[in-house]
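As provided, upload_27.txt (compact mmCIF, C-alpha atoms and all ligand atoms) reads as follows.
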# COMPACT_ATOMS: atom_id res chain seq x y z
CA MET A 1 -42.34 -89.44 9.88
CA LEU A 2 -41.59 -92.37 7.60
CA LEU A 3 -43.69 -93.46 4.62
CA ARG A 4 -43.36 -97.09 3.56
CA PRO A 5 -45.36 -99.82 1.80
CA PHE A 6 -47.92 -101.86 3.76
CA ARG A 7 -46.46 -105.06 5.26
CA ASP A 8 -48.85 -108.02 5.34
CA ASP A 9 -47.77 -109.41 8.68
CA ASP A 10 -47.63 -106.26 10.77
CA ASP A 11 -49.89 -103.59 9.38
CA ALA A 12 -53.38 -105.06 9.01
CA ALA A 13 -54.47 -104.59 12.63
CA ALA A 14 -52.77 -101.18 12.91
CA THR A 15 -54.40 -99.79 9.75
CA LEU A 16 -57.84 -101.10 10.80
CA ASP A 17 -57.35 -99.40 14.16
CA VAL A 18 -56.40 -96.08 12.47
CA PHE A 19 -59.45 -96.43 10.15
CA ARG A 20 -61.82 -96.96 13.10
CA ARG A 21 -60.29 -94.19 15.23
CA ALA A 22 -60.27 -91.68 12.36
CA ILE A 23 -63.97 -92.31 11.73
CA THR A 24 -65.15 -92.46 15.34
CA VAL A 25 -63.13 -89.44 16.51
CA LEU A 26 -62.63 -87.22 13.42
CA ALA A 27 -65.44 -88.04 10.98
CA SER A 28 -68.00 -88.21 13.82
CA ARG A 29 -67.98 -84.40 13.71
CA ASP A 30 -69.64 -84.57 10.29
CA TYR A 31 -71.65 -87.81 10.42
CA THR A 32 -74.38 -89.13 12.71
CA ALA A 33 -73.76 -91.93 15.22
CA GLU A 34 -75.71 -94.28 12.95
CA GLN A 35 -73.55 -93.37 9.94
CA VAL A 36 -70.34 -93.75 11.98
CA ALA A 37 -71.46 -97.17 13.23
CA ALA A 38 -72.17 -98.33 9.67
CA TRP A 39 -68.85 -97.01 8.34
CA ALA A 40 -66.52 -98.18 11.15
CA SER A 41 -68.55 -101.36 11.59
CA PRO A 42 -67.38 -104.03 14.06
CA ASP A 43 -68.44 -106.50 11.34
CA ILE A 44 -65.41 -105.67 9.16
CA ASP A 45 -63.59 -109.00 8.77
CA PRO A 46 -59.90 -108.47 9.68
CA ALA A 47 -58.82 -111.11 7.14
CA VAL A 48 -60.74 -109.44 4.30
CA TRP A 49 -59.39 -106.06 5.42
CA ALA A 50 -55.81 -107.37 5.35
CA GLU A 51 -56.28 -108.87 1.88
CA ARG A 52 -57.71 -105.63 0.46
CA ARG A 53 -54.95 -103.45 1.88
CA ALA A 54 -52.27 -105.80 0.59
CA ALA A 55 -53.89 -105.86 -2.87
CA SER A 56 -54.32 -102.10 -3.20
CA ARG A 57 -50.83 -100.57 -3.15
CA THR A 58 -51.23 -99.32 0.42
CA GLN A 59 -48.68 -96.90 1.84
CA VAL A 60 -48.47 -96.33 5.60
CA ALA A 61 -47.14 -93.38 7.60
CA GLU A 62 -45.18 -94.32 10.69
CA VAL A 63 -44.06 -92.14 13.61
CA ASP A 64 -41.76 -93.65 16.26
CA GLY A 65 -42.52 -97.12 14.93
CA ARG A 66 -46.30 -96.65 15.16
CA VAL A 67 -48.62 -96.65 12.12
CA VAL A 68 -50.48 -93.31 12.22
CA GLY A 69 -52.01 -93.14 8.76
CA PHE A 70 -52.39 -94.84 5.39
CA THR A 71 -53.55 -94.33 1.84
CA ASP A 72 -53.45 -96.12 -1.50
CA VAL A 73 -53.63 -95.36 -5.22
CA ASP A 74 -54.31 -97.51 -8.27
CA GLU A 75 -53.00 -97.27 -11.84
CA ASP A 76 -55.96 -95.06 -12.83
CA GLY A 77 -55.10 -92.61 -10.05
CA TYR A 78 -58.02 -93.65 -7.82
CA VAL A 79 -57.38 -93.08 -4.09
CA ASP A 80 -59.67 -95.39 -2.12
CA MET A 81 -58.45 -94.77 1.43
CA LEU A 82 -56.95 -91.81 3.32
CA PHE A 83 -57.05 -92.11 7.08
CA VAL A 84 -54.98 -90.47 9.82
CA ASP A 85 -55.01 -91.22 13.53
CA PRO A 86 -56.70 -88.45 15.56
CA ASP A 87 -53.63 -88.24 17.85
CA VAL A 88 -51.63 -86.74 14.97
CA ALA A 89 -54.42 -85.00 13.04
CA ARG A 90 -53.61 -81.70 11.35
CA GLN A 91 -49.86 -82.27 11.52
CA GLY A 92 -49.28 -82.92 7.84
CA VAL A 93 -49.54 -86.74 7.78
CA GLY A 94 -52.50 -86.69 5.37
CA SER A 95 -50.63 -84.25 3.13
CA ALA A 96 -47.52 -86.43 3.04
CA LEU A 97 -49.67 -89.43 2.08
CA LEU A 98 -51.42 -87.44 -0.66
CA ARG A 99 -48.07 -86.27 -2.06
CA TRP A 100 -47.04 -89.95 -2.22
CA ALA A 101 -50.32 -90.83 -3.99
CA ARG A 102 -49.77 -88.06 -6.53
CA ALA A 103 -46.16 -89.02 -7.24
CA THR A 104 -47.12 -92.69 -7.55
CA ALA A 105 -50.04 -91.94 -9.89
CA VAL A 106 -47.70 -89.84 -12.06
CA GLU A 107 -45.21 -92.71 -12.21
CA LEU A 108 -48.01 -95.09 -13.20
CA GLY A 109 -49.06 -92.77 -16.03
CA ALA A 110 -52.48 -91.81 -14.63
CA HIS A 111 -54.14 -88.70 -16.05
CA ALA A 112 -55.82 -87.62 -12.83
CA LEU A 113 -56.28 -88.47 -9.19
CA THR A 114 -59.85 -89.28 -8.16
CA THR A 115 -61.50 -90.20 -4.88
CA ASN A 116 -64.80 -90.43 -3.07
CA ALA A 117 -64.11 -87.99 -0.24
CA SER A 118 -66.01 -87.80 3.02
CA LEU A 119 -67.33 -84.50 4.33
CA THR A 120 -64.40 -84.63 6.79
CA ALA A 121 -61.72 -85.26 4.19
CA ARG A 122 -62.99 -82.84 1.55
CA PRO A 123 -60.91 -79.86 2.83
CA ALA A 124 -57.73 -81.95 2.86
CA PHE A 125 -58.30 -83.05 -0.75
CA GLU A 126 -59.18 -79.47 -1.74
CA ALA A 127 -55.91 -78.29 -0.18
CA HIS A 128 -54.19 -80.64 -2.65
CA GLY A 129 -55.98 -79.35 -5.75
CA PHE A 130 -58.95 -81.74 -5.92
CA VAL A 131 -62.31 -80.31 -7.00
CA VAL A 132 -65.77 -81.72 -6.36
CA VAL A 133 -67.27 -83.39 -9.41
CA ALA A 134 -70.48 -84.63 -7.76
CA GLU A 135 -72.17 -85.00 -4.39
CA GLN A 136 -73.09 -88.63 -3.77
CA HIS A 137 -75.30 -90.54 -1.33
CA PRO A 138 -74.01 -94.11 -1.15
CA VAL A 139 -75.73 -96.64 1.11
CA LEU A 140 -73.35 -98.49 3.42
CA ARG A 141 -74.69 -101.43 5.46
CA GLY A 142 -78.20 -100.02 4.99
CA VAL A 143 -77.29 -96.44 6.03
CA GLU A 144 -77.11 -93.50 3.61
CA LEU A 145 -74.02 -91.26 3.80
CA THR A 146 -72.92 -88.13 1.94
CA ASN A 147 -69.60 -88.02 0.13
CA PHE A 148 -68.09 -86.29 -2.89
CA ARG A 149 -66.60 -87.58 -6.09
CA MET A 150 -63.45 -85.46 -6.43
CA ARG A 151 -60.82 -85.14 -9.14
CA CYS A 152 -57.40 -83.57 -9.57
CA ALA A 153 -55.84 -83.44 -13.04
CA LEU A 154 -52.18 -84.49 -13.23
CA ASP A 155 -49.75 -82.43 -15.24
CA PRO A 156 -48.93 -84.22 -18.55
CA ASP A 157 -45.36 -82.81 -18.39
CA LEU A 158 -44.80 -84.53 -15.03
CA ARG A 159 -46.09 -87.79 -16.50
CA ARG A 160 -43.62 -87.48 -19.37
CA GLU A 161 -40.75 -86.78 -16.96
CA ALA A 162 -41.70 -89.85 -14.92
CA GLY A 163 -41.81 -91.93 -18.09
CA GLY A 164 -45.48 -92.70 -17.58
CA ALA A 165 -47.25 -94.80 -20.20
CA ALA A 166 -49.73 -92.03 -20.95
CA GLY A 167 -46.87 -89.53 -21.38
C1 LIG B 1 -58.82 -86.27 6.13
C2 LIG B 1 -57.62 -86.64 6.96
C3 LIG B 1 -56.97 -87.87 6.37
C4 LIG B 1 -56.62 -85.47 6.95
O1 LIG B 1 -55.41 -85.88 7.58
P1 LIG B 1 -54.45 -84.83 8.34
O2 LIG B 1 -53.17 -85.52 8.61
O3 LIG B 1 -55.15 -84.26 9.51
O4 LIG B 1 -54.28 -83.71 7.21
P2 LIG B 1 -53.13 -82.59 7.14
O5 LIG B 1 -52.64 -82.25 8.51
O6 LIG B 1 -52.10 -83.02 6.16
O7 LIG B 1 -53.95 -81.36 6.54
C5 LIG B 1 -53.72 -80.88 5.24
C6 LIG B 1 -54.68 -79.74 4.94
O8 LIG B 1 -55.99 -80.25 4.78
C7 LIG B 1 -56.92 -79.28 5.30
N1 LIG B 1 -57.59 -79.86 6.47
C8 LIG B 1 -57.30 -81.04 7.09
N2 LIG B 1 -58.17 -81.25 8.10
C9 LIG B 1 -59.01 -80.20 8.10
C10 LIG B 1 -60.13 -79.83 8.90
N3 LIG B 1 -60.55 -80.61 9.91
N4 LIG B 1 -60.77 -78.68 8.64
C11 LIG B 1 -60.36 -77.87 7.63
N5 LIG B 1 -59.30 -78.16 6.84
C12 LIG B 1 -58.64 -79.31 7.08
C13 LIG B 1 -56.09 -78.07 5.70
O9 LIG B 1 -55.97 -77.23 4.58
C14 LIG B 1 -54.77 -78.71 6.04
O10 LIG B 1 -53.67 -77.83 5.96
P3 LIG B 1 -53.31 -76.90 7.23
O11 LIG B 1 -53.34 -77.77 8.46
O12 LIG B 1 -51.94 -76.39 6.90
O13 LIG B 1 -54.36 -75.84 7.27
C15 LIG B 1 -58.04 -86.93 8.41
O14 LIG B 1 -58.73 -85.80 8.91
C16 LIG B 1 -58.94 -88.13 8.58
O15 LIG B 1 -58.48 -89.27 8.71
N6 LIG B 1 -60.27 -87.90 8.63
C17 LIG B 1 -61.25 -88.89 8.95
C18 LIG B 1 -61.34 -90.02 7.99
C19 LIG B 1 -61.81 -89.68 6.63
O16 LIG B 1 -62.83 -89.04 6.46
N7 LIG B 1 -61.04 -90.16 5.65
C20 LIG B 1 -61.28 -89.98 4.29
C21 LIG B 1 -62.22 -90.96 3.72
S1 LIG B 1 -62.52 -90.49 2.05
Could you express the structure from this file as structure tokens?
Ligand SMILES: CC(C)(COP(=O)(O)OP(=O)(O)OC[C@H]1O[C@@H](n2cnc3c(N)ncnc32)[C@H](O)[C@@H]1OP(=O)(O)O)[C@@H](O)C(=O)NCCC(=O)NCCS
Amino acid sequence: MLLRPFRDDDDAAATLDVFRRAITVLASRDYTAEQVAAWASPDIDPAVWAERRAASRTQVAEVDGRVVGFTDVDEDGYVDMLFVDPDVARQGVGSALLRWARATAVELGAHALTTNASLTARPAFEAHGFVVVAEQHPVLRGVELTNFRMRCALDPDLRREAGGAAG
């Protein structure tokens, strides 16, 4: 498996496909058909999707030249996306992406990683030291979902070693 930055030209369609497949196959175990349809909506504009991924420090996981997962992290340590293709679920791709997010957040000087985790993703984040801060009920395209605000403190010593601003 190779981790590399998102490439504008090639990766937009592949990441949108992983996003849709992860929700319709994996998250559908935890969410109703109505919730899945709202989340993995056919109305997502591919151009807007591509712009957002390019703007949000997206990292993709590739196996045999195929994009099988992606994540991102911002300078505050917020992880917006973590999606893995069902074909390779439970093989460590999500973990590799989360290790990248942690290392990147440390380099950027963030104090903690945070995310809004789905019911499906909560165990994967917990396996990486995140704890639930709050249960939330956001409304997405008119449909209420359940997710969890989660947080994982980052070691100040690691930030110092990485030369992070917050050191
Ligand atoms: C969450 C997700 C990214 C995990 O990716 P993954 O590549 O399967 O995760 P990993 O194989 O690295 O699993 C790491 C650990 O997380 C936990 N975990 C992952 N999936 C789990 C599951 N279905 N049930 C229980 N624990 C799970 C386990 O502790 C696992 O370690 P183990 O396999 O050694 O027991 C993937 O399931 C996914 O895309 N889900 C649907 C989309 C989604 O909800 N995304 C998040 C939006 S916030």
Give one line per residue of region 120-156 of chain A that approaches region 35-56 of chain A to at most 7 Å, naming the two atoms of the closest pair and their distance in Å to one decimal, counting all atoms listed in the file; sort by chain then ascending residue number and deliver it as a Markdown table.
| residue | atom | partner | partner_atom | distance |
| --- | --- | --- | --- | --- |
| A:Leu140 | CA | A:Ala38 | CA | 6.4 |
| A:Arg141 | CA | A:Ala38 | CA | 5.8 |
| A:Val143 | CA | A:Gln35 | CA | 6.2 |
| A:Leu145 | CA | A:Gln35 | CA | 6.5 |
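Within 12 Å of Ala96 (chain A), once only C-alpha atoms are used and residues closer than 3 positions along the same chain are dropped, the contacting residues are Met1, Leu2, Leu3, Arg4, Gln59, Val60, Ala61, Glu62, Val68, Gly69, Phe70, Thr71, Leu82, Phe83, Val84, Arg90, Gln91, Gly92, Val93, Arg99, Trp100, Ala101, Arg102, Ala103, Ala124, Phe125 and His128 of chain A.
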* To do: All residues within 10 Å of ligand LIG 1 (chain B) are required, counting all atoms listed in the file; please report them as a ChimeraX atom specification.
  => /A:18-31,61,68-71,79-99,115-128,147-150
Output the selection as a short mmCIF file (atom, residue, chain, number, x, y, z; two decimals), keeping the file's coordinate frame - C-alpha atoms for each residue.
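And here's result24.cif as it stands now:
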data_model
loop_
_atom_site.label_atom_id
_atom_site.label_comp_id
_atom_site.auth_asym_id
_atom_site.auth_seq_id
_atom_site.Cartn_x
_atom_site.Cartn_y
_atom_site.Cartn_z
CA VAL A 18 -56.40 -96.08 12.47
CA PHE A 19 -59.45 -96.43 10.15
CA ARG A 20 -61.82 -96.96 13.10
CA ARG A 21 -60.29 -94.19 15.23
CA ALA A 22 -60.27 -91.68 12.36
CA ILE A 23 -63.97 -92.31 11.73
CA THR A 24 -65.15 -92.46 15.34
CA VAL A 25 -63.13 -89.44 16.51
CA LEU A 26 -62.63 -87.22 13.42
CA ALA A 27 -65.44 -88.04 10.98
CA SER A 28 -68.00 -88.21 13.82
CA ARG A 29 -67.98 -84.40 13.71
CA ASP A 30 -69.64 -84.57 10.29
CA TYR A 31 -71.65 -87.81 10.42
CA ALA A 61 -47.14 -93.38 7.60
CA VAL A 68 -50.48 -93.31 12.22
CA GLY A 69 -52.01 -93.14 8.76
CA PHE A 70 -52.39 -94.84 5.39
CA THR A 71 -53.55 -94.33 1.84
CA VAL A 79 -57.38 -93.08 -4.09
CA ASP A 80 -59.67 -95.39 -2.12
CA MET A 81 -58.45 -94.77 1.43
CA LEU A 82 -56.95 -91.81 3.32
CA PHE A 83 -57.05 -92.11 7.08
CA VAL A 84 -54.98 -90.47 9.82
CA ASP A 85 -55.01 -91.22 13.53
CA PRO A 86 -56.70 -88.45 15.56
CA ASP A 87 -53.63 -88.24 17.85
CA VAL A 88 -51.63 -86.74 14.97
CA ALA A 89 -54.42 -85.00 13.04
CA ARG A 90 -53.61 -81.70 11.35
CA GLN A 91 -49.86 -82.27 11.52
CA GLY A 92 -49.28 -82.92 7.84
CA VAL A 93 -49.54 -86.74 7.78
CA GLY A 94 -52.50 -86.69 5.37
CA SER A 95 -50.63 -84.25 3.13
CA ALA A 96 -47.52 -86.43 3.04
CA LEU A 97 -49.67 -89.43 2.08
CA LEU A 98 -51.42 -87.44 -0.66
CA ARG A 99 -48.07 -86.27 -2.06
CA THR A 115 -61.50 -90.20 -4.88
CA ASN A 116 -64.80 -90.43 -3.07
CA ALA A 117 -64.11 -87.99 -0.24
CA SER A 118 -66.01 -87.80 3.02
CA LEU A 119 -67.33 -84.50 4.33
CA THR A 120 -64.40 -84.63 6.79
CA ALA A 121 -61.72 -85.26 4.19
CA ARG A 122 -62.99 -82.84 1.55
CA PRO A 123 -60.91 -79.86 2.83
CA ALA A 124 -57.73 -81.95 2.86
CA PHE A 125 -58.30 -83.05 -0.75
CA GLU A 126 -59.18 -79.47 -1.74
CA ALA A 127 -55.91 -78.29 -0.18
CA HIS A 128 -54.19 -80.64 -2.65
CA ASN A 147 -69.60 -88.02 0.13
CA PHE A 148 -68.09 -86.29 -2.89
CA ARG A 149 -66.60 -87.58 -6.09
CA MET A 150 -63.45 -85.46 -6.43
#
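Going from CA of Pro156 (chain A) to CA of Glu135 (chain A) covers 27.2 Å.
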* Asked: Between CA of Val133 (chain A) and CA of Ala33 (chain A), what is the distance, to one decimal in Å?
  -> 26.9 Å
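CA of Thr58 (chain A) is positioned 18.3 Å from CA of Ala112 (chain A).
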Output region 9-34 of chain A as a PDB file, in the coordinates of the input, making sure N, CA and C atoms are there.
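So part31.pdb came out as:
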ATOM      1  N   ASP A   9     -47.754-108.797   7.343  1.00  0.00           N
ATOM      2  CA  ASP A   9     -47.770-109.410   8.680  1.00  0.00           C
ATOM      3  C   ASP A   9     -48.084-108.399   9.776  1.00  0.00           C
ATOM      4  N   ASP A  10     -47.564-107.182   9.632  1.00  0.00           N
ATOM      5  CA  ASP A  10     -47.630-106.260  10.770  1.00  0.00           C
ATOM      6  C   ASP A  10     -48.753-105.243  10.701  1.00  0.00           C
ATOM      7  N   ASP A  11     -49.160-104.855   9.494  1.00  0.00           N
ATOM      8  CA  ASP A  11     -49.890-103.590   9.380  1.00  0.00           C
ATOM      9  C   ASP A  11     -51.407-103.708   9.306  1.00  0.00           C
ATOM     10  N   ALA A  12     -51.933-104.934   9.187  1.00  0.00           N
ATOM     11  CA  ALA A  12     -53.380-105.060   9.010  1.00  0.00           C
ATOM     12  C   ALA A  12     -54.132-104.526  10.236  1.00  0.00           C
ATOM     13  N   ALA A  13     -53.756-105.007  11.414  1.00  0.00           N
ATOM     14  CA  ALA A  13     -54.470-104.590  12.630  1.00  0.00           C
ATOM     15  C   ALA A  13     -54.275-103.091  12.878  1.00  0.00           C
ATOM     16  N   ALA A  14     -53.059-102.600  12.640  1.00  0.00           N
ATOM     17  CA  ALA A  14     -52.770-101.180  12.910  1.00  0.00           C
ATOM     18  C   ALA A  14     -53.548-100.262  11.967  1.00  0.00           C
ATOM     19  N   THR A  15     -53.659-100.646  10.696  1.00  0.00           N
ATOM     20  CA  THR A  15     -54.400 -99.790   9.750  1.00  0.00           C
ATOM     21  C   THR A  15     -55.909 -99.837  10.057  1.00  0.00           C
ATOM     22  N   LEU A  16     -56.401-101.009  10.450  1.00  0.00           N
ATOM     23  CA  LEU A  16     -57.840-101.100  10.800  1.00  0.00           C
ATOM     24  C   LEU A  16     -58.120-100.242  12.032  1.00  0.00           C
ATOM     25  N   ASP A  17     -57.191-100.224  12.952  1.00  0.00           N
ATOM     26  CA  ASP A  17     -57.350 -99.400  14.160  1.00  0.00           C
ATOM     27  C   ASP A  17     -57.354 -97.897  13.789  1.00  0.00           C
ATOM     28  N   VAL A  18     -56.434 -97.484  12.916  1.00  0.00           N
ATOM     29  CA  VAL A  18     -56.400 -96.080  12.470  1.00  0.00           C
ATOM     30  C   VAL A  18     -57.719 -95.736  11.761  1.00  0.00           C
ATOM     31  N   PHE A  19     -58.187 -96.626  10.890  1.00  0.00           N
ATOM     32  CA  PHE A  19     -59.450 -96.430  10.150  1.00  0.00           C
ATOM     33  C   PHE A  19     -60.592 -96.185  11.152  1.00  0.00           C
ATOM     34  N   ARG A  20     -60.704 -97.070  12.142  1.00  0.00           N
ATOM     35  CA  ARG A  20     -61.820 -96.960  13.100  1.00  0.00           C
ATOM     36  C   ARG A  20     -61.700 -95.686  13.941  1.00  0.00           C
ATOM     37  N   ARG A  21     -60.473 -95.379  14.383  1.00  0.00           N
ATOM     38  CA  ARG A  21     -60.290 -94.190  15.230  1.00  0.00           C
ATOM     39  C   ARG A  21     -60.530 -92.903  14.431  1.00  0.00           C
ATOM     40  N   ALA A  22     -60.072 -92.881  13.181  1.00  0.00           N
ATOM     41  CA  ALA A  22     -60.270 -91.680  12.360  1.00  0.00           C
ATOM     42  C   ALA A  22     -61.774 -91.425  12.153  1.00  0.00           C
ATOM     43  N   ILE A  23     -62.533 -92.493  11.959  1.00  0.00           N
ATOM     44  CA  ILE A  23     -63.970 -92.310  11.730  1.00  0.00           C
ATOM     45  C   ILE A  23     -64.682 -91.945  13.035  1.00  0.00           C
ATOM     46  N   THR A  24     -64.391 -92.688  14.109  1.00  0.00           N
ATOM     47  CA  THR A  24     -65.150 -92.460  15.340  1.00  0.00           C
ATOM     48  C   THR A  24     -64.775 -91.145  16.027  1.00  0.00           C
ATOM     49  N   VAL A  25     -63.538 -90.687  15.851  1.00  0.00           N
ATOM     50  CA  VAL A  25     -63.130 -89.440  16.510  1.00  0.00           C
ATOM     51  C   VAL A  25     -63.228 -88.234  15.553  1.00  0.00           C
ATOM     52  N   LEU A  26     -62.687 -88.383  14.328  1.00  0.00           N
ATOM     53  CA  LEU A  26     -62.630 -87.220  13.420  1.00  0.00           C
ATOM     54  C   LEU A  26     -63.903 -87.075  12.586  1.00  0.00           C
ATOM     55  N   ALA A  27     -64.295 -88.146  11.897  1.00  0.00           N
ATOM     56  CA  ALA A  27     -65.440 -88.040  10.980  1.00  0.00           C
ATOM     57  C   ALA A  27     -66.763 -87.923  11.754  1.00  0.00           C
ATOM     58  N   SER A  28     -66.758 -88.294  13.022  1.00  0.00           N
ATOM     59  CA  SER A  28     -68.000 -88.210  13.820  1.00  0.00           C
ATOM     60  C   SER A  28     -68.448 -86.760  14.003  1.00  0.00           C
ATOM     61  N   ARG A  29     -67.567 -85.818  13.675  1.00  0.00           N
ATOM     62  CA  ARG A  29     -67.980 -84.400  13.710  1.00  0.00           C
ATOM     63  C   ARG A  29     -68.961 -84.085  12.579  1.00  0.00           C
ATOM     64  N   ASP A  30     -68.861 -84.865  11.499  1.00  0.00           N
ATOM     65  CA  ASP A  30     -69.640 -84.570  10.290  1.00  0.00           C
ATOM     66  C   ASP A  30     -70.728 -85.597   9.998  1.00  0.00           C
ATOM     67  N   TYR A  31     -70.695 -86.725  10.695  1.00  0.00           N
ATOM     68  CA  TYR A  31     -71.650 -87.810  10.420  1.00  0.00           C
ATOM     69  C   TYR A  31     -72.368 -88.201  11.705  1.00  0.00           C
ATOM     70  N   THR A  32     -73.595 -88.725  11.551  1.00  0.00           N
ATOM     71  CA  THR A  32     -74.380 -89.130  12.710  1.00  0.00           C
ATOM     72  C   THR A  32     -73.802 -90.411  13.321  1.00  0.00           C
ATOM     73  N   ALA A  33     -74.227 -90.708  14.549  1.00  0.00           N
ATOM     74  CA  ALA A  33     -73.760 -91.930  15.220  1.00  0.00           C
ATOM     75  C   ALA A  33     -74.114 -93.160  14.407  1.00  0.00           C
ATOM     76  N   GLU A  34     -75.285 -93.141  13.770  1.00  0.00           N
ATOM     77  CA  GLU A  34     -75.710 -94.280  12.950  1.00  0.00           C
ATOM     78  C   GLU A  34     -74.794 -94.444  11.730  1.00  0.00           C
TER      79      GLU A  34
END
